[in-house]
Every structure is written in C-alpha cells, then in structure tokens.
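Participant: Pasting a structure here, questions to come.
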Amino acid sequence: MPWFKVDDGFHGHPKVVELSLTAVGLWALCGSWCAKYLTDGYVPAKTVSRLGGDTRHAQELVSADLWLDAPAGYQFKDWEDYQPLKTAVEAERAAAQERMRKVRAAKKGVTPNVRLNIDGTSEEVRVTPSQSHPSPDLTPKGVRAANRGTRIPDNFEVTPDMVIWARENTPLVNGKRSTDKFVNHYTSATKNATRIDWVRTWKNWLLSDQERAEKTQPRRSKEDQIVDVLEQGRMLAEQDERKSIA
C-alpha cells in the first residue's frame, strides 16, 4: 500500500497558511484517497462531497494552486513530482509478489515452472513441483541455521561462568562427575543426540541431578560444598594449563 507523502514544511507553506482548515483537511483526505486507489492525483467531484468537502473548498485549493480543475473533478498539481504513480506502484507490487513466490518455492524445495495462464482471466504465475532441491542455507558463512542441532563438541568444556552458575543453582551436584556423565552420554548416543544450545542442555542436565539429589538427601554441608568448589577450581586450572600448552 503506497503512502500519501506530505512535506514537513507543508504547514507553513505560503500556499497553505491562508487556507481554511476545512480546505487543508480536504486536501489531505483526498490525497490519501488518491494514493489508495492509484488515481495519480485525480479526485472526482463526488469524492470531494463524500469526504465532507464542497465546491467552495475545492475552489479554495484551486485558487491556492494546489489543485487544478479537471473533467468531473479535480487534479492534484504536480502529483508525479511528489507521489508515486500507478505504474510504479503496480511494478513494485509485481516485483514483491515475484520475490515471495521464489521464497515460497525455495522453502517447499521445488523449482519454479513459470508459464502464462493464456486461457485464464488474468496473468497468473503457477509454481509446479519439479526436481526437488534443498532449501538454500541463508545464514551467514560459518553460522549454522538456528533450527539445526549439532552433536556435542569434541572439546566441550565448562567455562568459569558455567562453574559460577552451577555453584549457585546446583549446590548438591558434583559438577565434575555430572559433567563427565553428560559428555559420555551424548558422545555415545546414537539417537536424539543433537542439540541447538549445548550450554543450556548442560544446565538442564545439572538441574535434573539437583532435583534428584534434593529428593534423596539433605542439603549438603558447607564442607562438602567447599570440596566441590575446590574440585571445580582444579578442573578449570587443568583446562587453562592444557590451553597454554596448546
């Protein structure tokens, strides 16, 4: 749908300041009507009346050199200089429809077979299934599509931020042992082994361990928690050491 464009200096233009508010309102409403129905600025007299104007207000716009008299109506002066013409709007609409047709065809994995509907009442583009092609990966190079999962990385590691999260949210869980089981499980799994976000999957794994621990044992003592913190710190130190050697 095209817009009826109004310059931000319209309110103070010499042609406008002497007009009545009714004439200015009529000008704006008729401009919107022309843009919607693609009349290229032509306003029938009956439209002026339907929008609340009359001959006096229309002639006020003609006298201000904003409108011209036209057969059975009026014409916006210099419409083509400030507003899109019908031919341009229809061309853009056709181009947009063609782009969407190609997008839909790509999503369905079909090759567009374009032909004219000679016997129909309008020009029609049909998309018929042909040789199937996979939809193109439209994500940036090196970035996997958001809806595709991957297997757990071979170098999956617990970061310091993950350790802090585990310390605050899963205090009853032995982080190193639970992480080892997590990695072993998804490394050896053959079904349902892909995930979109492995950090979130790891967190859910530890939360499940936390829930089981809460059901089977009382909250761990501070001494046990300190042991876990030290163990997690040792694990991080080992990771840093491996990185420095590499």
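By convention here, the chains of the structure tokens are called A, B, ... in the order presented, each chain's residues are numbered starting at 1, and ligands are numbered starting at 1 in the order presented.
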Got a sec: who's within 9 Å of A:Gln232, counting only C-alpha atoms, leaving out chain neighbours fewer than 3 positions off, as a PyMOL selection string?

Facilitator: chain A and resi 163+174-176+227-229+235-237

Participant: I want to know what sits within 10 Å of stretch 48-63 of chain A, based on only C-alpha atoms, with residues of the same chain fewer than 2 positions away left out; could you give that as a list of chain:residue names?

Facilitator: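 Residues meeting the cut-off are A:Lys15, A:Val16, A:Glu18, A:Leu19, A:Ser20, A:Leu21, A:Thr22, A:Ala23, A:Val24, A:Gly25, A:Leu26, A:Trp27, A:Leu29, A:Cys30, A:Trp33, A:Val43, A:Pro44, A:Ala45, A:Lys46, A:Asp65, A:Leu66, A:Trp67, A:Leu68, A:Asp69, A:Gly73, A:Tyr74, A:Gln75, A:Phe76, A:Lys77.
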
Participant: Which residues come within 12 Å of A:Arg93, counting only C-alpha atoms, excluding same-chain residues fewer than 6 positions away, as a ChimeraX atom specification?

Facilitator: /A:1-2,86-87,99-100

Participant: How many Å separate atom CA of A:Asn192 from atom CA of A:Arg148?

Facilitator: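 It comes out at 12.7 Å.
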
Participant: Using only C-alpha atoms, find each residue in stretch 150-195 of chain A having at least one atom no more than 10 Å away from stretch 238-245 of chain A; report its shortest atom-to-atom pair and that distance in Å (one decimal), rows by chain then rising number, as CSV.

Facilitator:
residue,atom,partner,partner_atom,distance
A:Glu157,CA,A:Gln239,CA,8.0
A:Val158,CA,A:Gln239,CA,8.8
A:Thr159,CA,A:Gln239,CA,9.1

Participant: Here is a test: counting only C-alpha atoms, which residue of A:Ile226, A:Ile152, A:Ala70, A:Ala189 is nearest to A:Thr201?

Facilitator: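 For A:Thr201, the nearest of the candidates is A:Ile152.
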
Participant: Can you work out which one of A:Asn169, A:Thr47, A:Ala28, A:Thr179 has the shortest atom-to-atom distance to A:His11, counting only C-alpha atoms?

Facilitator: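 So, comparing all the options, the nearest one is A:Ala28.
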
Participant: Can you list, as an MDAnalysis selection string, all residues belonging to stretch 1-225 of chain A that DSSP tags as alpha helix (DSSP H)?

Facilitator: chainID A and resid 14:17 21:37 45:50 55:63 79:82 86:108 160:169 175:188 198:216 222:225

Participant: Here is a test: counting only C-alpha atoms, which residue of A:Arg151, A:Lys36, A:Lys5, A:Arg212 is nearest to A:Glu80?

Facilitator: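 Looking only at the distances to A:Glu80, the closest residue turns out to be A:Lys5.
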